[in-house]
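J.: I'm passing along coords07.txt; it holds compact mmCIF, C-alpha atoms and all ligand atoms.
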```txt
# COMPACT_ATOMS: atom_id res chain seq x y z
CA MET A 6 -34.36 9.97 -3.32
CA MET A 7 -32.42 12.53 -1.33
CA THR A 8 -30.42 14.96 -3.43
CA GLU A 9 -26.84 15.95 -2.94
CA ILE A 10 -25.98 19.08 -0.99
CA HIS A 11 -22.24 19.27 -1.52
CA LYS A 12 -20.49 22.21 -3.05
CA MET A 13 -17.77 21.78 -5.68
CA PRO A 14 -14.86 22.14 -5.56
CA LEU A 15 -14.51 20.26 -2.29
CA PRO A 16 -12.20 21.71 0.39
CA PRO A 17 -8.67 20.27 0.83
CA THR A 18 -8.36 16.78 2.35
CA PRO A 19 -7.80 17.25 6.11
CA THR A 20 -5.65 15.01 8.31
CA LEU A 21 -7.89 12.81 10.50
CA VAL A 22 -6.69 11.10 13.67
CA ALA A 23 -8.14 7.87 15.09
CA ASP A 24 -7.06 5.66 18.02
CA ARG A 25 -4.34 3.79 16.15
CA LEU A 26 -4.29 5.62 12.83
CA VAL A 27 -3.47 8.88 11.17
CA LEU A 28 -5.27 9.46 7.88
CA ARG A 29 -3.27 12.04 5.97
CA PRO A 30 -3.79 13.43 2.48
CA LEU A 31 -2.49 11.05 -0.19
CA GLN A 32 0.73 12.29 -1.80
CA GLU A 33 2.61 11.47 -4.98
CA ARG A 34 5.39 9.80 -2.97
CA ASP A 35 2.85 7.17 -1.79
CA ALA A 36 2.81 5.59 -5.27
CA SER A 37 5.73 3.26 -4.48
CA ALA A 38 4.05 1.87 -1.32
CA ILE A 39 0.82 1.42 -3.30
CA GLN A 40 2.66 -0.40 -6.08
CA ARG A 41 4.12 -2.75 -3.43
CA LEU A 42 0.92 -3.38 -1.41
CA PHE A 43 -2.05 -3.01 -3.75
CA PRO A 44 -1.40 -5.71 -6.40
CA GLN A 45 -2.32 -8.63 -4.13
CA TRP A 46 -5.27 -10.91 -4.86
CA GLU A 47 -6.80 -10.42 -1.37
CA VAL A 48 -6.84 -6.68 -2.04
CA VAL A 49 -8.08 -6.51 -5.64
CA ARG A 50 -10.35 -9.56 -5.90
CA TRP A 51 -13.57 -7.71 -5.01
CA LEU A 52 -12.67 -4.33 -6.51
CA THR A 53 -14.04 -2.99 -9.81
CA ALA A 54 -13.00 -4.79 -13.00
CA SER A 55 -11.82 -1.44 -14.38
CA ILE A 56 -8.62 -1.99 -12.34
CA PRO A 57 -6.05 -3.49 -14.74
CA TRP A 58 -5.14 -7.06 -13.78
CA PRO A 59 -2.43 -8.32 -13.86
CA TYR A 60 -1.40 -4.99 -12.39
CA PRO A 61 1.14 -3.19 -14.60
CA ALA A 62 4.49 -1.96 -13.26
CA ASP A 63 3.32 1.64 -13.66
CA GLY A 64 -0.19 0.96 -12.32
CA ALA A 65 0.16 2.93 -9.10
CA ALA A 66 1.90 5.85 -10.82
CA ALA A 67 -0.84 6.05 -13.47
CA ASN A 68 -3.60 5.86 -10.85
CA MET A 69 -1.81 8.48 -8.72
CA ALA A 70 -1.70 10.92 -11.65
CA GLU A 71 -5.45 10.48 -12.14
CA THR A 72 -6.09 10.76 -8.39
CA LEU A 73 -4.10 13.97 -8.01
CA ALA A 74 -5.88 15.49 -11.01
CA GLN A 75 -9.25 14.69 -9.37
CA ARG A 76 -7.94 16.24 -6.15
CA VAL A 77 -6.86 19.43 -7.94
CA ARG A 78 -10.37 19.68 -9.41
CA GLY A 79 -11.78 19.23 -5.89
CA GLU A 80 -13.85 16.18 -6.86
CA LYS A 81 -12.88 13.71 -4.11
CA PHE A 82 -11.02 13.30 -0.82
CA PHE A 83 -8.10 10.83 -0.74
CA TRP A 84 -6.37 9.64 2.42
CA ALA A 85 -3.27 7.52 3.01
CA ILE A 86 -3.95 5.23 5.97
CA THR A 87 -0.89 5.25 8.26
CA LEU A 88 -0.21 3.75 11.69
CA LYS A 89 0.41 6.33 14.43
CA GLY A 90 4.10 7.10 14.75
CA ASP A 91 4.87 5.82 11.22
CA ASP A 92 4.16 7.89 8.11
CA GLU A 93 4.25 4.92 5.69
CA LEU A 94 1.08 4.25 3.65
CA ARG A 95 -0.65 0.99 4.75
CA GLY A 96 -3.85 1.45 2.78
CA ARG A 97 -6.11 4.02 1.26
CA ILE A 98 -9.57 5.44 1.84
CA ASP A 99 -11.43 7.75 -0.56
CA LEU A 100 -14.64 9.75 -0.13
CA TRP A 101 -16.66 11.63 -2.71
CA PRO A 102 -20.10 13.27 -2.97
CA PHE A 103 -23.21 11.69 -4.45
CA ASP A 104 -23.44 12.65 -8.13
CA GLY A 105 -27.17 11.92 -8.31
CA ARG A 106 -26.65 8.61 -10.16
CA ASN A 107 -23.96 6.27 -8.83
CA ARG A 108 -24.86 5.13 -5.33
CA ASP A 109 -21.26 4.77 -4.17
CA MET A 110 -19.35 7.41 -2.18
CA ARG A 111 -16.44 5.69 -0.41
CA GLY A 112 -13.69 3.22 -1.26
CA PHE A 113 -11.01 1.56 0.86
CA TRP A 114 -8.32 -1.09 0.97
CA LEU A 115 -5.70 -2.11 3.54
CA ASP A 116 -2.46 -4.10 3.52
CA PRO A 117 -3.57 -7.74 4.10
CA ALA A 118 -0.89 -8.05 6.81
CA LEU A 119 -3.06 -5.68 8.88
CA HIS A 120 -6.52 -7.16 8.20
CA GLY A 121 -8.81 -8.30 10.99
CA ARG A 122 -7.66 -5.85 13.66
CA GLY A 123 -10.50 -3.36 13.34
CA LEU A 124 -8.29 -0.84 11.57
CA MET A 125 -10.58 -0.17 8.60
CA THR A 126 -13.50 0.22 10.97
CA GLU A 127 -11.47 2.97 12.66
CA ALA A 128 -10.56 4.59 9.34
CA ALA A 129 -14.15 4.38 8.03
CA ASN A 130 -15.46 5.90 11.26
CA ALA A 131 -13.03 8.83 11.04
CA VAL A 132 -14.00 9.53 7.42
CA THR A 133 -17.71 9.09 8.14
CA SER A 134 -17.52 11.50 11.05
CA PHE A 135 -15.85 14.01 8.71
CA ALA A 136 -18.61 13.55 6.11
CA PHE A 137 -21.48 13.93 8.57
CA GLU A 138 -20.14 16.31 11.20
CA GLU A 139 -17.79 18.55 9.17
CA LEU A 140 -19.23 18.47 5.66
CA ASN A 141 -22.78 18.08 6.95
CA TRP A 142 -23.68 15.49 4.30
CA PRO A 143 -27.02 13.84 5.22
CA PHE A 144 -26.17 10.30 4.02
CA LEU A 145 -23.57 8.08 2.39
CA TYR A 146 -24.22 5.45 -0.27
CA LEU A 147 -21.77 2.58 0.13
CA THR A 148 -21.16 -0.59 -1.88
CA ASN A 149 -19.36 -3.91 -1.80
CA ALA A 150 -19.54 -7.32 -3.43
CA VAL A 151 -22.02 -9.49 -1.54
CA ALA A 152 -19.22 -12.05 -1.16
CA ASN A 153 -16.92 -9.44 0.41
CA ARG A 154 -18.08 -10.05 3.98
CA ALA A 155 -15.28 -8.05 5.63
CA SER A 156 -16.27 -4.92 3.71
CA ALA A 157 -19.98 -5.52 4.37
CA ARG A 158 -19.25 -5.95 8.05
CA VAL A 159 -17.53 -2.55 8.28
CA LYS A 160 -20.77 -1.02 6.94
CA GLU A 161 -23.04 -3.04 9.22
CA LYS A 162 -21.01 -1.93 12.23
CA GLN A 163 -21.53 1.70 11.19
CA GLY A 164 -25.31 1.36 11.07
CA ALA A 165 -25.73 1.16 7.27
CA ILE A 166 -28.86 -0.45 5.80
CA GLU A 167 -28.77 -2.56 2.64
CA ILE A 168 -31.09 -1.00 0.03
CA ALA A 169 -30.36 -2.86 -3.23
CA ARG A 170 -28.38 -5.52 -5.05
CA GLU A 171 -27.29 -5.44 -8.68
CA PRO A 172 -24.89 -7.28 -11.02
CA PHE A 173 -21.37 -5.83 -11.07
CA ALA A 174 -18.07 -6.74 -12.75
CA TYR A 175 -15.20 -7.37 -10.32
CA VAL A 176 -11.53 -8.12 -10.91
CA CYS A 177 -12.35 -11.77 -10.05
CA GLY A 178 -15.33 -11.89 -12.44
CA GLU A 179 -19.06 -11.18 -12.53
CA GLY A 180 -20.63 -10.76 -9.12
CA GLU A 181 -23.40 -9.10 -7.20
CA ARG A 182 -23.03 -5.66 -5.69
CA GLN A 183 -24.67 -4.78 -2.42
CA ILE A 184 -25.71 -1.11 -2.08
CA TRP A 185 -26.09 0.41 1.36
CA GLN A 186 -27.30 3.71 2.73
CA LEU A 187 -25.90 5.12 5.94
CA THR A 188 -27.81 8.13 7.21
CA ARG A 189 -26.39 10.71 9.58
CA GLU A 190 -29.14 9.81 12.07
CA ALA A 191 -28.31 6.09 12.00
CA TRP A 192 -24.61 6.87 12.32
CA ARG A 193 -25.20 9.10 15.32
CA ALA A 194 -27.36 6.39 16.93
CA THR A 195 -24.62 3.69 16.77
C1 LIG A 201 -12.45 -4.80 3.59
C2 LIG A 201 -11.20 -4.47 4.41
C3 LIG A 201 -10.78 -3.03 4.12
C4 LIG A 201 -11.50 -4.66 5.88
O1 LIG A 201 -10.38 -4.20 6.64
P1 LIG A 201 -10.12 -4.68 8.14
O2 LIG A 201 -9.23 -3.69 8.80
O3 LIG A 201 -9.70 -6.10 8.14
O4 LIG A 201 -11.61 -4.56 8.73
P2 LIG A 201 -12.02 -4.57 10.28
O5 LIG A 201 -11.06 -5.45 11.02
O6 LIG A 201 -12.21 -3.17 10.73
O7 LIG A 201 -13.48 -5.23 10.22
C5 LIG A 201 -13.70 -6.38 9.46
C6 LIG A 201 -14.93 -7.10 9.98
O8 LIG A 201 -15.25 -8.12 9.03
C7 LIG A 201 -15.22 -9.36 9.67
N1 LIG A 201 -14.77 -10.33 8.68
C8 LIG A 201 -13.57 -10.39 8.07
N2 LIG A 201 -13.55 -11.40 7.21
C9 LIG A 201 -14.77 -11.97 7.27
C10 LIG A 201 -15.37 -13.09 6.61
N3 LIG A 201 -14.70 -13.76 5.70
N4 LIG A 201 -16.65 -13.39 6.93
C11 LIG A 201 -17.35 -12.69 7.84
N5 LIG A 201 -16.82 -11.61 8.51
C12 LIG A 201 -15.54 -11.29 8.21
C13 LIG A 201 -14.30 -9.18 10.85
O9 LIG A 201 -14.52 -10.16 11.83
C14 LIG A 201 -14.71 -7.77 11.30
O10 LIG A 201 -15.97 -7.78 11.94
P3 LIG A 201 -16.10 -7.79 13.57
O11 LIG A 201 -15.46 -6.53 14.06
O12 LIG A 201 -17.57 -7.84 13.79
O13 LIG A 201 -15.38 -9.01 14.05
C15 LIG A 201 -10.02 -5.40 4.02
O14 LIG A 201 -10.47 -6.73 4.11
C16 LIG A 201 -9.48 -5.15 2.64
O15 LIG A 201 -8.60 -4.33 2.44
N6 LIG A 201 -9.98 -5.91 1.63
C17 LIG A 201 -9.51 -5.75 0.27
C18 LIG A 201 -10.02 -4.48 -0.39
C19 LIG A 201 -11.53 -4.40 -0.39
O16 LIG A 201 -12.21 -5.40 -0.61
N7 LIG A 201 -12.05 -3.20 -0.14
C20 LIG A 201 -13.47 -2.95 -0.06
C21 LIG A 201 -14.07 -2.87 -1.38
S1 LIG A 201 -15.84 -2.59 -1.24
```
What does the file become when written as structure tokens?
Ligand SMILES: CC(C)(COP(=O)(O)OP(=O)(O)OC[C@H]1O[C@@H](n2cnc3c(N)ncnc32)[C@H](O)[C@@H]1OP(=O)(O)O)[C@@H](O)C(=O)NCCC(=O)NCCS

T.:
Amino acid sequence: MMTEIHKMPLPPTPTLVADRLVLRPLQERDASAIQRLFPQWEVVRWLTASIPWPYPADGAAANMAETLAQRVRGEKFFWAITLKGDDELRGRIDLWPFDGRNRDMRGFWLDPALHGRGLMTEAANAVTSFAFEELNWPFLYLTNAVANRASARVKEKQGAIEIAREPFAYVCGEGERQIWQLTREAWRAT
């Protein structure tokens, strides 16, 4: 297995620009948009069962406090997904280094009103380019529920290869987790 090459603490989260999106560093003020958009079944169904459900009224604020603490420690990158010309958070994408154990290095969700337009593919490509071309990471491990075809498709389109499946607890119940590896070479070849 390849080992990690990242240095901690990570540098600050940069703003990334895509065709239709601006990914900007997540900020405390985004908690209200998250509290409005995130607690929807289409969003949480195939996310980890550690997410409280039903989602509490202070769920986004509590998660934001934890997120900002991780950011201060330089452990992860966190972006608010916004549409160009509009600073409002529409979704979120996170990236973190391989810790040598958990083969999962990226997470994302988007307002269901915006699904199916290729927007997360754009966001994932911007973040992947940052990981491979700026941070010089050699690979990403990525995961999703096997049943979460939209998330799997984003990975397939990037050139990721499925390497394992394992049981995993989701908000909607027990399921099977698909683990992918996307290498820098495969990414560059797509
Ligand atoms: C996963 C998610 C981020 C995808 O966002 P999106 O902007 O709709 O994704 P894109 O439009 O870039 O790409 C989705 C792809 O999946 C395909 N797709 C969507 N639903 C599908 C389904 N039910 N079956 C098969 N393919 C499906 C789309 O056709 C598209 O592929 P294509 O470009 O080949 O046509 C979004 O569905 C989401 O927020 N889900 C809830 C949170 C979540 O599950 N996050 C991932 C956890 S691992």

J.: Using all atoms listed in the file, which of the listed residues (A:Ala157, A:Ala70, A:Arg170, A:Glu190) sits closest to Asn141 in chain A?

T.: A:Glu190

J.: Determine, counting only C-alpha atoms, which protein, DNA and RNA residues have an atom within 12 Å of an atom of Ala194 in chain A; residues of the same chain fewer than 5 positions away are not included. Present the result as a ChimeraX atom specification.

T.: /A:162-165,187-189

J.: At a cut-off of 6 Å around ligand LIG 201 (chain A), and using all atoms listed in the file, what residues come up? Please write them as JSON, numbers by chain.

T.: {"A": [47, 48, 49, 51, 52, 113, 114, 115, 120, 121, 122, 123, 124, 125, 126, 148, 149, 154, 155, 156, 158, 159]}

J.: When distances are computed from all atoms listed in the file, which of A:Met13, A:Arg193, A:Ala67, A:Pro19 shows the smallest separation from Glu138 in chain A?

T.: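 Checking each of A:Met13, A:Arg193, A:Ala67, A:Pro19 against Glu138 in chain A, counting all atoms listed in the file, the winner is A:Arg193.
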
J.: Just give me the residues with any atom within 10 Å of (-3.6, 6.5, 7.5), file coordinates, counting all atoms listed in the file, written as a count of residues only.

T.: 29

J.: Calculate how many Å separate CA of Glu181 in chain A from CA of Ala152 in chain A, rounding to one decimal.

T.: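 Atom-to-atom, CA of Glu181 in chain A and CA of Ala152 in chain A are spaced 7.9 Å apart.
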
J.: Suppose you want the space between CA of Leu100 in chain A and CA of Asp63 in chain A; what is it in Å?

T.: 23.9 Å

J.: Env of Ser37 in chain A: 12 Å cut, atoms = all atoms listed in the file, seq-sep filter 2 positions within chain, self excluded. Answer as a VMD selection string.

T.: chain A and resid 32 to 35 39 to 44 62 to 69 93 to 95

J.: Between CA of Ala36 in chain A and CA of Phe135 in chain A, what is the spacing in Å?

T.: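 Those two atoms sit 24.8 Å apart.
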
J.: Could you check which of A:Trp46, A:Ala38, A:Tyr60, A:Gln75 is closest to Leu15 in chain A, using only C-alpha atoms?

T.: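 Once distances to Leu15 in chain A are computed over only C-alpha atoms, the minimum belongs to A:Gln75.
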